[in-house]
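S.K.: One structure coming up, written as structure tokens, with questions to follow.
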Amino acid sequence: MGDHHDDDADFETGTSGASLTYPQQCSALRKNGHVMIKNRPCKIVEMSTSKTGKHGHAKVHMVALDIFTGKKYEDICPSTHNMNVPNVTRKDYQMVDIDDGFASLMDDNGETKDDLKVPDDDIGKEITERPR
């Protein structure tokens with residue numbers, strides 16, 4: 001038995017263990033699904049499969065839009081290969097108020113979020129001037 005201090009592990013720097021992406025075979029990807037292209041999370045807007053030569057593999061061609069910037073990306077992948085798919089969750093909020101340049105939002109459970117800064121551009125102006 002000895003003086004082992006394995007139970008003094010430092011959990012402060014650990015993560016939840018959840019991965020940001022998971023692998024999925026190209027042939028299983030679908031339009032309106034999500035995929036990582038050039039390390040960016042994208043929503044697939046177009047997909048097509050083409051068969052290649054006698055001993056070749058079918059290739060999947062996809063066009064996708066970055067879910068944060070809207071930038072268009074394209075990729076071609078053999079149908080039997082894996083691509084990374086981002087774990088995407090969507091959460092809807094209702095705007096309650098704007099206070100000192102920050103939007104006060106409420107989710108379906110009544111929990112509030114008050115750390116979202118209203119942008120200093122035309123969209124922010126439109127949000128601020130819209131009747132609540």
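Please note that chains go A, B, ... in the order of the structure tokens, that every chain numbers its residues from 1, and that ligands are numbered from 1 in the order shown.
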If you take only C-alpha atoms and a cut-off of 6 Å, which residues of region 74-110 of chain A touch region 19-26 of chain A, and what are their nearest atom pairs and distances in Å to one decimal, in chain and number order, as CSV?
M.R.:
residue,atom,partner,partner_atom,distance
A:Ser79,CA,A:Cys26,CA,4.8
A:His81,CA,A:Gln25,CA,5.6
A:Asn82,CA,A:Gln25,CA,4.2
A:Met83,CA,A:Pro23,CA,5.5
A:Asn84,CA,A:Pro23,CA,4.5
A:Val85,CA,A:Thr21,CA,5.2
A:Pro86,CA,A:Thr21,CA,4.2
A:Asn87,CA,A:Thr21,CA,5.5
S.K.: Would you please extract all strand (DSSP E or B) residues from chain A, as assigned by DSSP on the backbone, and give them as a tab-separated table (two decimals) with C-alpha atoms, in the first residue's frame?
M.R.:
chain	number	residue	atom	x	y	z
A	21	THR	CA	-17.27	17.16	-33.24
A	22	TYR	CA	-17.92	13.51	-34.07
A	23	PRO	CA	-17.04	11.51	-37.20
A	24	GLN	CA	-19.71	10.55	-39.73
A	25	GLN	CA	-19.40	8.75	-43.06
A	34	HIS	CA	-24.07	20.05	-40.38
A	35	VAL	CA	-20.45	19.33	-41.29
A	36	MET	CA	-17.00	20.80	-40.61
A	37	ILE	CA	-15.35	22.25	-43.74
A	40	ARG	CA	-15.61	25.79	-39.75
A	41	PRO	CA	-19.06	24.54	-38.66
A	42	CYS	CA	-21.33	24.62	-41.72
A	43	LYS	CA	-24.91	23.77	-42.69
A	44	ILE	CA	-25.17	21.71	-45.88
A	45	VAL	CA	-27.30	23.45	-48.54
A	46	GLU	CA	-26.52	21.25	-51.58
A	47	MET	CA	-25.30	17.68	-51.97
A	48	SER	CA	-24.69	15.42	-54.93
A	49	THR	CA	-23.05	12.02	-55.38
A	50	SER	CA	-21.07	11.05	-58.45
A	59	LYS	CA	-17.64	10.96	-54.39
A	60	VAL	CA	-19.91	13.27	-52.43
A	61	HIS	CA	-19.86	16.94	-53.44
A	62	MET	CA	-21.31	19.34	-50.89
A	63	VAL	CA	-21.93	23.06	-50.69
A	64	ALA	CA	-22.35	24.43	-47.18
A	65	LEU	CA	-22.69	27.78	-45.41
A	66	ASP	CA	-20.73	28.73	-42.29
A	72	LYS	CA	-20.01	29.53	-48.67
A	73	TYR	CA	-17.71	26.48	-48.60
A	74	GLU	CA	-17.45	23.48	-50.93
A	75	ASP	CA	-15.88	20.08	-50.39
A	76	ILE	CA	-15.63	16.75	-52.19
A	77	CYS	CA	-15.16	13.58	-50.17
A	78	PRO	CA	-15.16	9.85	-51.07
A	82	ASN	CA	-15.50	10.12	-42.58
A	83	MET	CA	-15.94	13.84	-42.05
A	84	ASN	CA	-16.26	15.67	-38.76
A	85	VAL	CA	-19.74	16.84	-37.81
A	86	PRO	CA	-20.06	19.62	-35.20
A	94	GLN	CA	-37.27	36.04	-26.33
A	95	MET	CA	-36.03	39.61	-25.95
A	96	VAL	CA	-37.38	41.19	-22.78
A	97	ASP	CA	-35.55	44.52	-22.66
A	98	ILE	CA	-32.42	46.43	-23.64
A	99	ASP	CA	-30.50	47.98	-20.77
A	102	PHE	CA	-27.14	44.87	-23.48
A	103	ALA	CA	-30.12	42.74	-24.48
A	104	SER	CA	-32.04	41.03	-21.70
A	105	LEU	CA	-33.21	37.65	-23.01
A	106	MET	CA	-35.37	34.88	-21.56
A	112	THR	CA	-32.59	35.13	-18.21
A	113	LYS	CA	-29.41	35.97	-20.10
A	114	ASP	CA	-28.13	39.54	-19.79
A	115	ASP	CA	-24.60	39.41	-21.27
A	116	LEU	CA	-25.40	39.83	-24.98
A	117	LYS	CA	-24.20	43.21	-26.26
S.K.: Between CA of Ala28 (chain A) and CA of Arg90 (chain A), what distance in Å does the model show, to one decimal?
M.R.: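 Calculated distance between CA of Ala28 (chain A) and CA of Arg90 (chain A) is 21.7 Å.
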S.K.: Would you list, as a PyMOL selection string, the residues of chain A that end up in helix (DSSP H, G or I) under DSSP run on this structure's backbone?
M.R.: chain A and resi 6-8+26-28+122-129
